[in-house]
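A short worksheet on the structure shown next.
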Amino acid sequence: MKIFVIGAGVSSLAFCSFLDKNDITVLESNQFSGRKLLATGNGRCNFTNINMDHKNFYSNEKDFVNYSLDSFSNKDLLEYFEYLGIEWINFPSGRCYPKTQSSKTVRDSLLMKAEENAKFIYNIKVVDIDFKKKLIITDKKSFKYDILVIASGGLSLKNSGSDGSILKILKKHTKLIDQTFGITNFKTENPLSKTAKGCKVFAKASLFVDDKFQKSSTDDIIFQSYGLTGTAILDLSNIISLALKDKRKIRLDIDFYPEYKKKGLFDILEKKAQRFPKRAIKNLLIGNIDQKLIIDILKRAKINEDSVKISKNDLEKLVKILKKFSFNIVDIHDKNNAQVTLGGVACDRIYKNSMKSKDMADTYFIGEIMDVAGDCGGYNIQWAFSSAKAASDDIRRLNV
C-alpha cells in the first residue's frame with residue numbers, strides 16, 4: 001500500500017513518526033522539512049499547553065476537534081515527547097517548550113523518527129492531483145498513490161512553503177471555508193504617537209465585538225506606529241481576525257492597572273500628587289507609567305501635560321483612561337508573518353474520527369489545511385499531532 005504525504009511540516013512529521021511498517025513517501029517543496037516548525041515560538045517551539053481546552057480552537061464545524069484532542073491529548077503529546085527523548089518545561093502560562101528552548105530540538109527528534117518510517121523527496125512542488133486516477137502531478141514527475149495524506153498547511157508564513165496552492169487545487173473537489181490570517185498583529189484607527197513606538201507594558205486587554213465582550217488577556221502589550229501587537233494581542237487575535245473578515249466593529253480596551261479598582265488607583269495617584277505638589281503631571285506619572293506613554297495618555301485624558309495644580313477632576317479623568325484605554329481595530333497589519341490560517345477545507349466534509357475526506361476516496365487531511373485554528377500558546381502544534389494521530393490510527397486499521 002503506497003501512502004503519499006504532501007508537505008513535510010509538523011503534522012506530516014508527526015504522522016510519519018506514528019505510522020510504521022508502511023510504504024510512505026513525503027513530497028516537500030522546500031529544501032528541508034519543518035521549516036515553519038523551526039520558527040514556532042520565536043524559535044523556542046511552544047508545542048502544547050497544560051491548559052488545553054476545546055474552547056481554544058476555532059472551526060465552523062462545532063465539536064469537530066473534540067475526538068482527536070481527547071484521543072491524543074496534551075498529556076499524550078508530553079508522554080510522546082518523552083518517548084522521543086525530548087525533555088520539556090512549562091511556564092506559568094501553561095505553555096510547554098523543549099528544555100533546550102530550541103525548536104530545532106523538536107524538528108530534529110521528530111524528523112529522525114519520521115525518516116525511520118518514510119522516504120522524503122525535497123524541492124518538488126505539487127501542481128495538480130487527479131483524485132479519480134489517484135495521481136499526484138508535480139513539477140518533476142507524477143506519482144500513483146493508494147492513500148493520500150494532505151499536510152500542506154494553509155496560507156500563513158508563505159516563506160515556509162505554505163503558499164495556499166494546494167487549496168486552489170482542492171477548491172475543485174471539496175468545500176472550502178474562506179481563509180484569513182490568525183495569531184498576528186493589527187492596525188488601529190487611533191494609534192499612538194511615534195514616541196510610544198515599541199513601548200511594552202504588562203496590562204489587561206479586553207476585546208469587544210459589536211460592543212459585546214468576547215475575551216480578555218493579561219500579558220505583554222506592545223504599542224507600534226500602526227497599532228498593537230504583543231502576547232496579549234496574539235491571545236485575542238483569532239477572534240479579532242474572524243470579526244474583521246465579517247466586517248464587524250472591534251474595540252480593544254487596555255487596563256494598565258488590572259490589579260486595582262478605580263478607587264484604589266485614584267487614592268495612589270492622589271497621595272503621590274499631595275506628596276509632590278510642585279511637580280508637573282507629566283513628571284508626577286514617572287514611576288507609574290512608561291515615560292514613552294505619558295504624553296499620549298494625558299492627551300487622551302485631555303489633561304495639560306505641564307499642569308502643576310492637579311485637580312480631583314483631572315485625577316478622575318486620568319484614572320478613567322488608565323483603566324480603559326480604547327483602540328478601534330480596523331485591519332490585520334502583517335499578513336506575511338501571521339502564524340496560522342483561519343479557514344481551509346470545510347470540516348463538515350471530513351470524518352472527525354479519522355480525518356478522512358467525504359469527497360475524495362482514500363484522502364486524509366491533517367493539520368492547518370483544515371478549517372481548524374488554535375489560539376496562540378501551543379494549541380496549533382497540538383492539533384497537528386492530534387489530527388495526525390487520528391489519521392494514522394485509521395490507516396493502521398486498514399492493514400489489520
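To be explicit about the labels: the chains of the C-alpha cells are called A, B, and onward in the order shown, and within each one the residues are counted from 1, while ligands get numbers from 1 in the order they are shown.
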With a cut-off of 10 Å, could you pull out the residues of range 322-393 of chain A touching range 134-137 of chain A and give me the nearest pair of atoms for each, distance in Å to one decimal, using only C-alpha atoms, ordered by chain and ascending number, as CSV?
residue,atom,partner,partner_atom,distance
A:Met360,CA,A:Lys134,CA,9.6
A:Ala361,CA,A:Lys134,CA,8.6
A:Asp362,CA,A:Lys134,CA,8.9
A:Thr363,CA,A:Lys134,CA,9.5
Could you give me the residues within range 84-266 of chain A that DSSP places in alpha helix (DSSP H), as a short mmCIF file (atom, residue, chain, number, x, y, z; two decimals) with N, CA and C atoms, in the first residue's frame?
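What ended up in selection16.cif:
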data_model
loop_
_atom_site.label_atom_id
_atom_site.label_comp_id
_atom_site.auth_asym_id
_atom_site.auth_seq_id
_atom_site.Cartn_x
_atom_site.Cartn_y
_atom_site.Cartn_z
N LEU A 84 10.33 10.20 22.66
CA LEU A 84 11.32 10.60 21.65
C LEU A 84 12.63 11.08 22.27
N SER A 103 13.55 25.10 18.87
CA SER A 103 12.64 24.36 18.00
C SER A 103 13.38 23.32 17.18
N LYS A 104 14.67 23.54 16.98
CA LYS A 104 15.47 22.56 16.22
C LYS A 104 15.51 21.22 16.95
N THR A 105 15.49 21.26 18.27
CA THR A 105 15.44 20.03 19.06
C THR A 105 14.23 19.19 18.68
N VAL A 106 13.07 19.86 18.58
CA VAL A 106 11.83 19.17 18.25
C VAL A 106 11.85 18.69 16.81
N ARG A 107 12.23 19.57 15.88
CA ARG A 107 12.25 19.20 14.47
C ARG A 107 13.17 18.00 14.22
N ASP A 108 14.39 18.07 14.78
CA ASP A 108 15.36 17.00 14.52
C ASP A 108 14.93 15.68 15.14
N SER A 109 14.38 15.72 16.35
CA SER A 109 13.93 14.48 17.01
C SER A 109 12.77 13.86 16.25
N LEU A 110 11.83 14.69 15.81
CA LEU A 110 10.69 14.20 15.03
C LEU A 110 11.14 13.66 13.68
N LEU A 111 12.03 14.39 13.04
CA LEU A 111 12.49 14.00 11.71
C LEU A 111 13.22 12.66 11.75
N MET A 112 14.06 12.45 12.75
CA MET A 112 14.77 11.18 12.86
C MET A 112 13.79 10.01 12.95
N LYS A 113 12.73 10.20 13.76
CA LYS A 113 11.72 9.14 13.90
C LYS A 113 10.94 8.98 12.59
N ALA A 114 10.58 10.09 11.96
CA ALA A 114 9.81 10.03 10.71
C ALA A 114 10.62 9.36 9.60
N GLU A 115 11.92 9.63 9.55
CA GLU A 115 12.77 9.06 8.49
C GLU A 115 12.95 7.56 8.67
N GLU A 116 12.70 7.04 9.85
CA GLU A 116 12.73 5.59 10.05
C GLU A 116 11.55 4.91 9.35
N ASN A 117 10.49 5.68 9.10
CA ASN A 117 9.26 5.12 8.54
C ASN A 117 8.94 5.60 7.14
N SER A 165 -1.31 26.97 -2.44
CA SER A 165 -1.50 26.41 -3.79
C SER A 165 -2.32 25.12 -3.77
N ILE A 166 -2.18 24.33 -2.72
CA ILE A 166 -2.97 23.10 -2.63
C ILE A 166 -4.45 23.42 -2.44
N LEU A 167 -4.73 24.51 -1.72
CA LEU A 167 -6.12 24.91 -1.54
C LEU A 167 -6.78 25.24 -2.88
N LYS A 168 -6.02 25.82 -3.80
CA LYS A 168 -6.56 26.12 -5.13
C LYS A 168 -6.90 24.84 -5.89
N ILE A 169 -6.09 23.81 -5.69
CA ILE A 169 -6.37 22.51 -6.32
C ILE A 169 -7.62 21.89 -5.69
N LEU A 170 -7.69 21.94 -4.37
CA LEU A 170 -8.78 21.30 -3.63
C LEU A 170 -10.13 21.97 -3.88
N THR A 231 1.94 39.65 23.26
CA THR A 231 1.33 38.37 23.61
C THR A 231 -0.16 38.47 23.90
N ALA A 232 -0.56 39.50 24.63
CA ALA A 232 -1.99 39.65 24.95
C ALA A 232 -2.81 39.84 23.68
N ILE A 233 -2.27 40.56 22.70
CA ILE A 233 -2.97 40.78 21.43
C ILE A 233 -3.02 39.48 20.64
N LEU A 234 -1.92 38.74 20.62
CA LEU A 234 -1.90 37.45 19.91
C LEU A 234 -2.90 36.48 20.52
N ASP A 235 -3.07 36.55 21.85
CA ASP A 235 -4.04 35.67 22.52
C ASP A 235 -5.46 35.91 22.02
N LEU A 236 -5.75 37.14 21.63
CA LEU A 236 -7.10 37.53 21.18
C LEU A 236 -7.23 37.56 19.67
N SER A 237 -6.14 37.34 18.97
CA SER A 237 -6.08 37.66 17.54
C SER A 237 -7.00 36.83 16.66
N ASN A 238 -7.23 35.56 16.99
CA ASN A 238 -8.10 34.75 16.12
C ASN A 238 -9.52 35.29 16.11
N ILE A 239 -10.01 35.70 17.28
CA ILE A 239 -11.36 36.27 17.35
C ILE A 239 -11.40 37.59 16.57
N ILE A 240 -10.34 38.38 16.72
CA ILE A 240 -10.26 39.66 16.00
C ILE A 240 -10.27 39.44 14.49
N SER A 241 -9.45 38.50 14.01
CA SER A 241 -9.36 38.25 12.57
C SER A 241 -10.68 37.77 11.99
N LEU A 242 -11.37 36.90 12.71
CA LEU A 242 -12.66 36.40 12.24
C LEU A 242 -13.69 37.53 12.21
N ALA A 243 -13.63 38.41 13.21
CA ALA A 243 -14.56 39.55 13.23
C ALA A 243 -14.25 40.53 12.10
N LEU A 244 -12.98 40.73 11.80
CA LEU A 244 -12.59 41.59 10.68
C LEU A 244 -13.09 41.01 9.36
N LYS A 245 -12.98 39.68 9.23
CA LYS A 245 -13.44 39.03 8.00
C LYS A 245 -14.94 39.28 7.78
N LYS A 262 -10.86 51.36 40.33
CA LYS A 262 -10.66 52.79 40.08
C LYS A 262 -10.36 53.55 41.37
N LYS A 263 -11.09 53.23 42.44
CA LYS A 263 -10.91 53.95 43.71
C LYS A 263 -9.50 53.74 44.25
N GLY A 264 -9.00 52.51 44.19
CA GLY A 264 -7.66 52.22 44.69
C GLY A 264 -6.59 52.95 43.91
N LEU A 265 -6.74 52.98 42.58
CA LEU A 265 -5.76 53.67 41.74
C LEU A 265 -5.83 55.18 41.97
N PHE A 266 -7.04 55.70 42.12
CA PHE A 266 -7.21 57.14 42.40
C PHE A 266 -6.49 57.52 43.69
#
Legend entry - Contacts of range 56-69 of chain A within 7 Å, only C-alpha atoms, excl. fewer than 4 positions in-chain, as a ChimeraX atom specification: /A:73,347-348,352-353,371-375,386-387,390
Mind dumping the selected residues with all heavy atoms as a PDB file, in the first residue's frame?
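See selection-v6.pdb below for the written result:
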ATOM      1  N   SER A  73      -4.296  13.666  23.645  1.00  0.00           N
ATOM      2  CA  SER A  73      -4.377  14.906  24.415  1.00  0.00           C
ATOM      3  C   SER A  73      -3.012  15.548  24.618  1.00  0.00           C
ATOM      4  O   SER A  73      -1.979  15.016  24.172  1.00  0.00           O
ATOM      5  CB  SER A  73      -5.000  14.609  25.782  1.00  0.00           C
ATOM      6  OG  SER A  73      -4.096  13.805  26.541  1.00  0.00           O
ATOM      7  N   CYS A 347     -14.726  21.326   7.558  1.00  0.00           N
ATOM      8  CA  CYS A 347     -14.677  20.130   8.406  1.00  0.00           C
ATOM      9  C   CYS A 347     -15.935  19.281   8.312  1.00  0.00           C
ATOM     10  O   CYS A 347     -15.912  18.111   8.695  1.00  0.00           O
ATOM     11  CB  CYS A 347     -14.408  20.535   9.855  1.00  0.00           C
ATOM     12  SG  CYS A 347     -12.764  21.244  10.081  1.00  0.00           S
ATOM     13  N   ASP A 348     -17.031  19.847   7.783  1.00  0.00           N
ATOM     14  CA  ASP A 348     -18.213  19.006   7.581  1.00  0.00           C
ATOM     15  C   ASP A 348     -18.052  18.078   6.379  1.00  0.00           C
ATOM     16  O   ASP A 348     -18.896  17.218   6.119  1.00  0.00           O
ATOM     17  CB  ASP A 348     -19.497  19.847   7.464  1.00  0.00           C
ATOM     18  CG  ASP A 348     -19.506  20.775   6.262  1.00  0.00           C
ATOM     19  OD1 ASP A 348     -18.493  20.826   5.520  1.00  0.00           O
ATOM     20  OD2 ASP A 348     -20.518  21.467   6.056  1.00  0.00           O
ATOM     21  N   LYS A 352     -14.681  13.263  11.418  1.00  0.00           N
ATOM     22  CA  LYS A 352     -13.931  13.800  12.552  1.00  0.00           C
ATOM     23  C   LYS A 352     -13.161  12.739  13.343  1.00  0.00           C
ATOM     24  O   LYS A 352     -12.218  13.068  14.056  1.00  0.00           O
ATOM     25  CB  LYS A 352     -14.853  14.573  13.489  1.00  0.00           C
ATOM     26  CG  LYS A 352     -15.965  13.757  14.139  1.00  0.00           C
ATOM     27  CD  LYS A 352     -16.851  14.658  14.972  1.00  0.00           C
ATOM     28  CE  LYS A 352     -18.011  13.901  15.596  1.00  0.00           C
ATOM     29  NZ  LYS A 352     -18.897  14.807  16.369  1.00  0.00           N
ATOM     30  N   ASN A 353     -13.531  11.458  13.208  1.00  0.00           N
ATOM     31  CA  ASN A 353     -12.825  10.406  13.956  1.00  0.00           C
ATOM     32  C   ASN A 353     -11.603   9.866  13.213  1.00  0.00           C
ATOM     33  O   ASN A 353     -10.817   9.117  13.776  1.00  0.00           O
ATOM     34  CB  ASN A 353     -13.770   9.242  14.254  1.00  0.00           C
ATOM     35  CG  ASN A 353     -14.855   9.625  15.243  1.00  0.00           C
ATOM     36  OD1 ASN A 353     -14.964  10.779  15.637  1.00  0.00           O
ATOM     37  ND2 ASN A 353     -15.651   8.662  15.644  1.00  0.00           N
ATOM     38  N   ASP A 371     -10.193  23.654   8.259  1.00  0.00           N
ATOM     39  CA  ASP A 371     -10.808  24.813   8.908  1.00  0.00           C
ATOM     40  C   ASP A 371     -10.787  24.620  10.425  1.00  0.00           C
ATOM     41  O   ASP A 371     -11.813  24.514  11.087  1.00  0.00           O
ATOM     42  CB  ASP A 371     -12.242  24.989   8.404  1.00  0.00           C
ATOM     43  CG  ASP A 371     -12.991  26.088   9.156  1.00  0.00           C
ATOM     44  OD1 ASP A 371     -12.351  27.096   9.511  1.00  0.00           O
ATOM     45  OD2 ASP A 371     -14.209  25.913   9.400  1.00  0.00           O
ATOM     46  N   VAL A 372      -9.574  24.547  10.965  1.00  0.00           N
ATOM     47  CA  VAL A 372      -9.343  24.463  12.410  1.00  0.00           C
ATOM     48  C   VAL A 372      -8.149  25.348  12.730  1.00  0.00           C
ATOM     49  O   VAL A 372      -7.105  25.245  12.080  1.00  0.00           O
ATOM     50  CB  VAL A 372      -9.038  23.016  12.875  1.00  0.00           C
ATOM     51  CG1 VAL A 372      -8.668  23.004  14.359  1.00  0.00           C
ATOM     52  CG2 VAL A 372     -10.225  22.092  12.618  1.00  0.00           C
ATOM     53  N   ALA A 373      -8.306  26.218  13.695  1.00  0.00           N
ATOM     54  CA  ALA A 373      -7.182  27.052  14.144  1.00  0.00           C
ATOM     55  C   ALA A 373      -7.233  27.155  15.650  1.00  0.00           C
ATOM     56  O   ALA A 373      -8.300  27.329  16.241  1.00  0.00           O
ATOM     57  CB  ALA A 373      -7.247  28.435  13.517  1.00  0.00           C
ATOM     58  N   GLY A 374      -6.079  27.039  16.278  1.00  0.00           N
ATOM     59  CA  GLY A 374      -5.994  27.154  17.727  1.00  0.00           C
ATOM     60  C   GLY A 374      -5.508  28.528  18.142  1.00  0.00           C
ATOM     61  O   GLY A 374      -4.949  29.279  17.348  1.00  0.00           O
ATOM     62  N   ASP A 375      -5.737  28.846  19.409  1.00  0.00           N
ATOM     63  CA  ASP A 375      -5.212  30.082  19.975  1.00  0.00           C
ATOM     64  C   ASP A 375      -3.691  30.052  19.999  1.00  0.00           C
ATOM     65  O   ASP A 375      -3.056  28.993  19.835  1.00  0.00           O
ATOM     66  CB  ASP A 375      -5.724  30.259  21.408  1.00  0.00           C
ATOM     67  CG  ASP A 375      -7.150  30.786  21.461  1.00  0.00           C
ATOM     68  OD1 ASP A 375      -7.548  31.516  20.540  1.00  0.00           O
ATOM     69  OD2 ASP A 375      -7.863  30.460  22.430  1.00  0.00           O
ATOM     70  N   SER A 386      -2.570  15.779  17.110  1.00  0.00           N
ATOM     71  CA  SER A 386      -3.816  15.062  17.382  1.00  0.00           C
ATOM     72  C   SER A 386      -4.498  14.623  16.094  1.00  0.00           C
ATOM     73  O   SER A 386      -5.006  13.493  15.997  1.00  0.00           O
ATOM     74  CB  SER A 386      -4.758  15.938  18.211  1.00  0.00           C
ATOM     75  OG  SER A 386      -4.210  16.195  19.491  1.00  0.00           O
ATOM     76  N   SER A 387      -4.535  15.497  15.090  1.00  0.00           N
ATOM     77  CA  SER A 387      -5.153  15.126  13.814  1.00  0.00           C
ATOM     78  C   SER A 387      -4.321  14.075  13.093  1.00  0.00           C
ATOM     79  O   SER A 387      -4.865  13.155  12.460  1.00  0.00           O
ATOM     80  CB  SER A 387      -5.360  16.363  12.937  1.00  0.00           C
ATOM     81  OG  SER A 387      -4.138  17.034  12.688  1.00  0.00           O
ATOM     82  N   ALA A 390      -5.056  10.703  14.661  1.00  0.00           N
ATOM     83  CA  ALA A 390      -6.349  10.170  14.238  1.00  0.00           C
ATOM     84  C   ALA A 390      -6.246   9.545  12.849  1.00  0.00           C
ATOM     85  O   ALA A 390      -6.777   8.455  12.601  1.00  0.00           O
ATOM     86  CB  ALA A 390      -7.396  11.274  14.254  1.00  0.00           C
TER      87      ALA A 390
END
Inset, instruction - Find the spatial neighbours of range 253-256 of chain A, counting only C-alpha atoms, within a cut-off of 12 Å - ignore same-chain residues fewer than 3 positions away - and output them as JSON, numbers by chain. - result: {"A": [200, 201, 202, 203, 204, 205, 206, 207, 208, 209, 211, 213, 214, 215, 216, 217, 218, 219, 220, 221, 222, 223, 228, 232, 233, 250, 259, 260, 261, 262, 265, 288, 289, 290, 293, 297, 318, 319, 320, 321, 322, 323, 324, 325, 326, 327, 328, 329]}
Inset, instruction - Compare A:Phe91, A:Glu368, A:Ile86, A:Lys172 by their minimum atom-to-atom distance to Asp130 in chain A, counting only C-alpha atoms, and give me the closest one. - result: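 Checking each candidate against Asp130 in chain A, we get A:Lys172 as the closest.
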Inset, instruction - Using DSSP on the backbone coordinates, identify the residues of range 81-247 of chain A assigned to strand (DSSP E); present them as a ChimeraX atom specification. - result: /A:88-90,95-98,118-121,126-130,135-138,142-144,147-150,176-182,186-188,199-209,212-223,227-229
Mind running range 285-358 of chain A against range 23-39 of chain A at 12 Å and telling me each contacting residue's nearest atom pair with the distance in Å (one decimal), counting only C-alpha atoms, chain and number ascending, as JSON lines?
{"residue": "A:Asn337", "atom": "CA", "partner": "A:Ala39", "partner_atom": "CA", "distance": 10.5}
{"residue": "A:Ala338", "atom": "CA", "partner": "A:Lys36", "partner_atom": "CA", "distance": 11.4}
{"residue": "A:Gln339", "atom": "CA", "partner": "A:Lys36", "partner_atom": "CA", "distance": 9.0}
{"residue": "A:Val340", "atom": "CA", "partner": "A:Lys36", "partner_atom": "CA", "distance": 10.4}
Legend entry - Counting only C-alpha atoms, the option among A:Lys282, A:Lys356, A:Lys2, A:Arg397 closest to Asp146 in chain A: A:Lys2
Legend entry - Nearest-residue call for Ser225 in chain A, choices A:Lys249, A:Lys144, A:Lys278, A:His333, using only C-alpha atoms: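 For Ser225 in chain A, the nearest of the given residues is A:His333.
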Legend entry - Polymer residues at most 10 Å from Asn336 in chain A, only C-alpha atoms, same-chain spacing of 2 or more positions, as a list in words: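 That gives Leu155, Ser156, Leu157, Lys158, Asn159, Phe181, Thr184, His333, Asp334, Ala338 and Gln339 of chain A.
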Legend entry - Nearest to Gln224 in chain A, chosen from A:Arg251, A:Arg279, A:Lys292, A:Lys119, with only C-alpha atoms counted in the distances: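 Ranking A:Arg251, A:Arg279, A:Lys292, A:Lys119 by distance to Gln224 in chain A, first place goes to A:Lys292.
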Legend entry - Nearest to Asn49 in chain A, chosen from A:Phe385, A:Tyr379, A:Tyr257, A:Tyr364, with only C-alpha atoms counted in the distances: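 For Asn49 in chain A, the nearest of the candidates is A:Tyr379.
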Inset, instruction - Quick one: pull the distance between CA of Tyr226 in chain A and CA of Pro191 in chain A, Å, one decimal. - result: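 According to the coordinates, CA of Tyr226 in chain A and CA of Pro191 in chain A are separated by 6.1 Å.
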Inset, instruction - Return the single residue from A:Asn380, A:Thr48, A:Asn42, A:Ser142 that is closest to Gln101 in chain A, with distances computed using only C-alpha atoms. - result: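 Nearest candidate to Gln101 in chain A out of A:Asn380, A:Thr48, A:Asn42, A:Ser142: A:Asn42.
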